[in-house]
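Structure data follow from coords28.tsv (TSV, C-alpha atoms):
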chain	number	residue	atom	x	y	z
A	262	MET	CA	6.86	-6.70	47.32
A	263	LYS	CA	6.50	-7.06	43.54
A	264	ASN	CA	4.24	-4.79	41.60
A	265	ASN	CA	2.57	-6.79	38.87
A	266	THR	CA	0.94	-4.41	36.48
A	267	ILE	CA	-0.92	-5.55	33.46
A	268	LYS	CA	-0.69	-3.31	30.46
A	269	LYS	CA	-3.69	-3.47	28.17
A	270	ALA	CA	-3.95	-1.80	24.86
A	271	TYR	CA	-7.28	-0.25	24.18
A	272	THR	CA	-8.66	-0.90	20.75
A	273	GLU	CA	-11.30	1.28	19.23
A	274	TRP	CA	-14.59	-0.57	19.00
A	275	LEU	CA	-15.84	0.09	15.51
A	276	SER	CA	-19.23	-0.98	14.31
A	277	ALA	CA	-19.45	-3.70	11.68
A	278	ASP	CA	-20.66	-1.08	9.19
A	279	GLU	CA	-17.66	1.15	9.87
A	280	MET	CA	-15.22	-1.73	9.47
A	281	HIS	CA	-16.99	-2.87	6.30
A	282	ARG	CA	-16.79	0.65	4.80
A	283	GLU	CA	-13.14	0.90	5.76
A	284	SER	CA	-12.37	-2.49	4.22
A	285	LYS	CA	-14.16	-1.48	1.00
A	286	LYS	CA	-12.15	1.75	0.96
A	287	TRP	CA	-8.92	-0.24	1.35
A	288	SER	CA	-9.92	-2.52	-1.53
A	289	SER	CA	-10.64	0.48	-3.73
A	290	GLU	CA	-7.35	2.19	-2.87
A	291	LEU	CA	-5.39	-1.02	-3.47
A	292	LYS	CA	-7.10	-1.59	-6.84
A	293	PHE	CA	-6.22	1.96	-7.83
A	294	ALA	CA	-2.61	1.43	-6.73
A	295	LYS	CA	-2.50	-1.73	-8.85
A	296	ASP	CA	-3.62	0.24	-11.92
A	297	GLU	CA	-1.14	2.96	-11.06
A	298	GLN	CA	1.65	0.40	-10.88
A	299	LYS	CA	0.77	-0.83	-14.37
A	300	PHE	CA	1.10	2.74	-15.58
A	301	LEU	CA	4.43	3.19	-13.79
A	302	ASN	CA	5.76	-0.06	-15.25
A	303	THR	CA	4.80	1.08	-18.76
A	304	MET	CA	6.42	4.44	-18.18
A	305	ILE	CA	9.61	2.79	-16.94
A	306	GLN	CA	9.67	0.52	-19.98
A	307	ASP	CA	9.14	3.46	-22.33
A	308	TYR	CA	12.11	5.32	-20.85
A	309	THR	CA	14.37	2.34	-20.14
A	310	LEU	CA	17.18	3.49	-22.44
A	311	ASP	CA	17.26	6.91	-20.79
A	312	LEU	CA	17.01	5.46	-17.29
A	313	ILE	CA	20.04	3.23	-17.67
A	314	ASP	CA	22.25	6.30	-17.90
A	315	VAL	CA	25.32	5.65	-15.76
A	316	LYS	CA	24.78	8.82	-13.72
A	317	ILE	CA	21.38	7.83	-12.38
A	318	PHE	CA	21.38	4.04	-12.78
A	319	ASP	CA	21.94	3.20	-9.10
A	320	GLU	CA	19.15	5.48	-7.96
A	321	VAL	CA	16.79	4.19	-10.65
A	322	LYS	CA	17.58	0.59	-9.74
A	323	ARG	CA	16.74	1.23	-6.07
A	324	VAL	CA	13.46	2.92	-6.94
A	325	VAL	CA	12.45	0.28	-9.48
A	326	ASP	CA	13.29	-2.47	-6.97
A	327	SER	CA	11.18	-0.77	-4.30
A	328	LEU	CA	8.29	-0.43	-6.78
A	329	SER	CA	8.60	-4.13	-7.66
A	330	GLN	CA	8.52	-5.01	-3.98
A	331	ALA	CA	5.50	-2.75	-3.50
A	332	GLU	CA	3.75	-4.60	-6.32
A	333	LYS	CA	4.37	-7.93	-4.59
A	334	ASN	CA	3.29	-6.55	-1.22
A	335	LEU	CA	0.11	-5.17	-2.75
A	336	VAL	CA	-0.97	-8.64	-3.87
A	337	GLU	CA	-0.48	-10.04	-0.37
A	338	ILE	CA	-2.20	-7.13	1.36
A	339	PHE	CA	-5.12	-7.29	-1.07
A	340	LYS	CA	-5.60	-10.98	-0.29
A	341	LYS	CA	-5.63	-10.18	3.43
A	342	VAL	CA	-8.21	-7.43	2.92
A	343	GLN	CA	-10.46	-9.74	0.89
A	344	LEU	CA	-10.25	-12.44	3.55
A	345	HIS	CA	-10.96	-9.85	6.22
A	346	GLU	CA	-14.02	-8.61	4.31
A	347	ASN	CA	-15.29	-12.16	3.98
A	348	GLN	CA	-15.02	-12.69	7.74
A	349	ILE	CA	-17.17	-9.68	8.70
A	350	LEU	CA	-19.99	-12.15	9.39
A	351	ILE	CA	-18.34	-12.80	12.76
A	352	MET	CA	-19.31	-9.28	13.79
A	353	VAL	CA	-22.93	-9.32	12.56
A	354	ASP	CA	-24.13	-12.87	13.17
A	355	GLU	CA	-25.74	-11.92	16.52
A	356	VAL	CA	-23.82	-14.70	18.24
A	357	ASP	CA	-21.59	-13.69	21.11
A	358	GLN	CA	-18.14	-14.92	20.19
A	359	ILE	CA	-16.03	-12.53	22.19
A	360	ASN	CA	-12.67	-14.12	21.36
A	361	MET	CA	-13.38	-14.26	17.63
A	362	GLU	CA	-14.78	-10.72	17.61
A	363	ASN	CA	-11.72	-9.45	19.47
A	364	ALA	CA	-9.46	-11.29	17.03
A	365	TYR	CA	-11.34	-9.68	14.13
A	366	LEU	CA	-10.88	-6.24	15.68
A	367	GLU	CA	-7.17	-6.89	16.21
A	368	THR	CA	-6.82	-8.05	12.62
A	369	HIS	CA	-8.63	-4.93	11.45
A	370	ALA	CA	-6.26	-2.70	13.41
A	371	GLU	CA	-3.21	-4.60	12.12
A	372	LEU	CA	-4.44	-4.35	8.54
A	373	LYS	CA	-5.06	-0.65	8.96
A	374	LYS	CA	-1.46	-0.14	10.12
A	375	GLU	CA	-0.07	-2.39	7.38
A	376	ILE	CA	-1.98	-0.52	4.68
A	377	GLN	CA	-0.89	2.85	6.04
A	378	ASP	CA	2.75	1.73	6.06
A	379	TYR	CA	2.40	0.29	2.56
A	380	PHE	CA	1.07	3.54	1.13
A	381	VAL	CA	3.74	5.65	2.83
A	382	ASP	CA	6.49	3.55	1.20
A	383	TYR	CA	4.67	3.22	-2.13
A	384	ARG	CA	4.01	6.95	-2.44
A	385	ALA	CA	7.65	7.74	-1.65
A	386	SER	CA	8.84	5.38	-4.41
A	387	LYS	CA	6.23	6.68	-6.83
A	388	THR	CA	7.27	10.28	-6.19
A	389	LYS	CA	10.94	9.41	-6.76
A	390	ILE	CA	10.29	7.65	-10.08
A	391	PHE	CA	8.10	10.52	-11.30
A	392	LYS	CA	10.88	13.01	-10.48
A	393	ILE	CA	13.49	10.88	-12.24
A	394	ILE	CA	11.40	10.37	-15.36
A	395	SER	CA	10.36	14.02	-15.38
A	396	ASN	CA	14.04	15.02	-15.40
A	397	VAL	CA	14.76	12.50	-18.15
A	398	MET	CA	11.93	13.92	-20.24
A	399	LYS	CA	13.20	17.47	-19.73
A	400	LYS	CA	16.70	16.46	-20.85
A	401	LYS	CA	15.31	14.73	-23.94
A	402	LYS	CA	13.30	17.81	-24.81
A	403	GLN	CA	16.35	20.06	-24.39
A	404	LYS	CA	18.39	17.80	-26.65
A	405	ARG	CA	15.71	17.96	-29.33
A	406	LEU	CA	15.53	21.72	-29.10
A	407	LEU	CA	19.31	22.05	-29.42
A	408	SER	CA	19.44	19.73	-32.42

Represent the supplied structure as structure tokens.
Amino acid sequence: MKNNTIKKAYTEWLSADEMHRESKKWSSELKFAKDEQKFLNTMIQDYTLDLIDVKIFDEVKRVVDSLSQAEKNLVEIFKKVQLHENQILIMVDEVDQINMENAYLETHAELKKEIQDYFVDYRASKTKIFKIISNVMKKKKQKRLLS
């Protein structure tokens, strides 16, 4: 006798207001990250000559590549969040569209996970580049003091 079990994943049923607030928060965080990335790019450009030092070049290249990828990913995620925000009407139109409402909830959960993963990777890269540039700045300062 076969035992056919159906595994269902339970998704948290959030109100339309809660999802709207969360989507707005995501937009705000992503906009801030975009501004932050502009700052990081400027900082990298300002210290390019110091960053191409043979001793740290490989590490710098990996971090800069991951920041560039994060910048590209941010654009795509931001588009998804905007589209998601625009589709909130599905949840508040007082029309029972169970399949569409469930799809919206699934999309919301997927976006939440994608944004969390994005920020984990982005913050790790950002921390690494700050440490590298901080060390470069310290070395430059020491050289000036010794001169």

Worksheet item: Mind pulling up the distance from CA of Asp378 (chain A) to CA of Phe318 (chain A)?
Response: 26.6 Å

Write out, as JSON lines, each residue of region 365-400 of chain A that has an atom at most 8 Å from region 336-348 of chain A, together with the closest pair of atoms and their distance in Å to one decimal, counting all atoms listed in the file, rows going by chain and rising number.
{"residue": "A:Tyr365", "atom": "CA", "partner": "A:His345", "partner_atom": "CA", "distance": 7.9}
{"residue": "A:Thr368", "atom": "CA", "partner": "A:His345", "partner_atom": "CA", "distance": 7.8}
{"residue": "A:His369", "atom": "CA", "partner": "A:His345", "partner_atom": "CA", "distance": 7.5}
{"residue": "A:Leu372", "atom": "CA", "partner": "A:Val342", "partner_atom": "CA", "distance": 7.4}
{"residue": "A:Glu375", "atom": "CA", "partner": "A:Ile338", "partner_atom": "CA", "distance": 8.0}
{"residue": "A:Ile376", "atom": "CA", "partner": "A:Ile338", "partner_atom": "CA", "distance": 7.4}

Store the residues picked out above, limited to C-alpha atoms, as an mmCIF file, in the coordinates of the input.
data_model
loop_
_atom_site.group_PDB
_atom_site.id
_atom_site.type_symbol
_atom_site.label_atom_id
_atom_site.label_comp_id
_atom_site.auth_asym_id
_atom_site.auth_seq_id
_atom_site.Cartn_x
_atom_site.Cartn_y
_atom_site.Cartn_z
ATOM 1 C CA TYR A 365 -11.340 -9.680 14.130
ATOM 2 C CA THR A 368 -6.820 -8.050 12.620
ATOM 3 C CA HIS A 369 -8.630 -4.930 11.450
ATOM 4 C CA LEU A 372 -4.440 -4.350 8.540
ATOM 5 C CA GLU A 375 -0.070 -2.390 7.380
ATOM 6 C CA ILE A 376 -1.980 -0.520 4.680
#

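The spacing separating CA of Leu312 (chain A) from CA of Lys389 (chain A) amounts to 12.8 Å.
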
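In this comparison, which uses all atoms listed in the file, the residue of A:Val325, A:Val353, A:Leu275, A:Ala364 approaching Thr309 (chain A) most closely is A:Val325.
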
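Reported to one decimal place, the separation of CA of Asp311 (chain A) from CA of Ile394 (chain A) is 8.7 Å.
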
Item to complete: Fewer than 5 positions away in the same chain doesn't count, so skip those; otherwise give me all residues within 10 Å of Thr388 (chain A), counting only C-alpha atoms, as a list in words.
Response: Val324, Tyr383 and Ile393 of chain A

Worksheet item: Counting only C-alpha atoms, which of A:Ile390, A:Met361, A:Val321, A:Met280 gets nearest to Gln298 (chain A)?
Response: A:Ile390

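Nearest to Asp278 (chain A) of all the residues A:Ile349, A:Lys401, A:Asn363, A:Lys374 is A:Ile349, based on all atoms listed in the file.
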
Quick one: everything within 12 Å of Phe380 (chain A), counting all atoms listed in the file, minus sequence neighbours fewer than 3 positions away in the same chain. Send it as a short mmCIF file (atom, residue, chain, number, x, y, z; two decimals) with C-alpha atoms, keeping the file's coordinate frame.
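The resulting file, part_5.cif, is shown below:
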data_model
loop_
_atom_site.label_atom_id
_atom_site.label_comp_id
_atom_site.auth_asym_id
_atom_site.auth_seq_id
_atom_site.Cartn_x
_atom_site.Cartn_y
_atom_site.Cartn_z
CA TRP A 287 -8.92 -0.24 1.35
CA GLU A 290 -7.35 2.19 -2.87
CA LEU A 291 -5.39 -1.02 -3.47
CA PHE A 293 -6.22 1.96 -7.83
CA ALA A 294 -2.61 1.43 -6.73
CA LYS A 295 -2.50 -1.73 -8.85
CA LEU A 328 8.29 -0.43 -6.78
CA ALA A 331 5.50 -2.75 -3.50
CA GLU A 332 3.75 -4.60 -6.32
CA ASN A 334 3.29 -6.55 -1.22
CA LEU A 335 0.11 -5.17 -2.75
CA ILE A 338 -2.20 -7.13 1.36
CA LYS A 373 -5.06 -0.65 8.96
CA LYS A 374 -1.46 -0.14 10.12
CA GLU A 375 -0.07 -2.39 7.38
CA ILE A 376 -1.98 -0.52 4.68
CA GLN A 377 -0.89 2.85 6.04
CA TYR A 383 4.67 3.22 -2.13
CA ARG A 384 4.01 6.95 -2.44
CA ALA A 385 7.65 7.74 -1.65
CA SER A 386 8.84 5.38 -4.41
CA LYS A 387 6.23 6.68 -6.83
CA THR A 388 7.27 10.28 -6.19
#

Discussion item. For a quick check of understanding, using only C-alpha atoms, which of A:Ser276, A:Gln358, A:Ser284, A:Ser329 has the smallest distance to Ile305 (chain A)?
Written reply: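 Distance minimum relative to Ile305 (chain A) lands on A:Ser329.
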
With the input short on atoms, add N, CA and C atoms back to region 386-398 of chain A and write it as a PDB file, in the frame of the given file.
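Output below, filename part28.pdb:
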ATOM      1  N   SER A 386       8.210   5.946  -3.213  1.00  0.00           N
ATOM      2  CA  SER A 386       8.840   5.380  -4.410  1.00  0.00           C
ATOM      3  C   SER A 386       8.234   5.975  -5.674  1.00  0.00           C
ATOM      4  N   LYS A 387       6.932   6.121  -5.668  1.00  0.00           N
ATOM      5  CA  LYS A 387       6.230   6.680  -6.830  1.00  0.00           C
ATOM      6  C   LYS A 387       6.690   8.111  -7.090  1.00  0.00           C
ATOM      7  N   THR A 388       6.819   8.894  -6.045  1.00  0.00           N
ATOM      8  CA  THR A 388       7.270  10.280  -6.190  1.00  0.00           C
ATOM      9  C   THR A 388       8.683  10.324  -6.762  1.00  0.00           C
ATOM     10  N   LYS A 389       9.553   9.440  -6.268  1.00  0.00           N
ATOM     11  CA  LYS A 389      10.940   9.410  -6.760  1.00  0.00           C
ATOM     12  C   LYS A 389      10.992   9.069  -8.244  1.00  0.00           C
ATOM     13  N   ILE A 390      10.222   8.054  -8.673  1.00  0.00           N
ATOM     14  CA  ILE A 390      10.290   7.650 -10.080  1.00  0.00           C
ATOM     15  C   ILE A 390       9.698   8.738 -10.973  1.00  0.00           C
ATOM     16  N   PHE A 391       8.652   9.422 -10.514  1.00  0.00           N
ATOM     17  CA  PHE A 391       8.100  10.520 -11.300  1.00  0.00           C
ATOM     18  C   PHE A 391       9.123  11.643 -11.462  1.00  0.00           C
ATOM     19  N   LYS A 392       9.858  11.957 -10.394  1.00  0.00           N
ATOM     20  CA  LYS A 392      10.880  13.010 -10.480  1.00  0.00           C
ATOM     21  C   LYS A 392      11.987  12.601 -11.452  1.00  0.00           C
ATOM     22  N   ILE A 393      12.419  11.360 -11.363  1.00  0.00           N
ATOM     23  CA  ILE A 393      13.490  10.880 -12.240  1.00  0.00           C
ATOM     24  C   ILE A 393      13.046  10.936 -13.692  1.00  0.00           C
ATOM     25  N   ILE A 394      11.869  10.405 -13.967  1.00  0.00           N
ATOM     26  CA  ILE A 394      11.400  10.370 -15.360  1.00  0.00           C
ATOM     27  C   ILE A 394      11.098  11.780 -15.863  1.00  0.00           C
ATOM     28  N   SER A 395      10.605  12.623 -14.999  1.00  0.00           N
ATOM     29  CA  SER A 395      10.360  14.020 -15.380  1.00  0.00           C
ATOM     30  C   SER A 395      11.669  14.690 -15.803  1.00  0.00           C
ATOM     31  N   ASN A 396      12.721  14.462 -15.037  1.00  0.00           N
ATOM     32  CA  ASN A 396      14.040  15.020 -15.400  1.00  0.00           C
ATOM     33  C   ASN A 396      14.546  14.443 -16.709  1.00  0.00           C
ATOM     34  N   VAL A 397      14.344  13.151 -16.900  1.00  0.00           N
ATOM     35  CA  VAL A 397      14.760  12.500 -18.150  1.00  0.00           C
ATOM     36  C   VAL A 397      14.011  13.118 -19.327  1.00  0.00           C
ATOM     37  N   MET A 398      12.731  13.338 -19.168  1.00  0.00           N
ATOM     38  CA  MET A 398      11.930  13.920 -20.240  1.00  0.00           C
ATOM     39  C   MET A 398      12.387  15.346 -20.557  1.00  0.00           C
TER      40      MET A 398
END
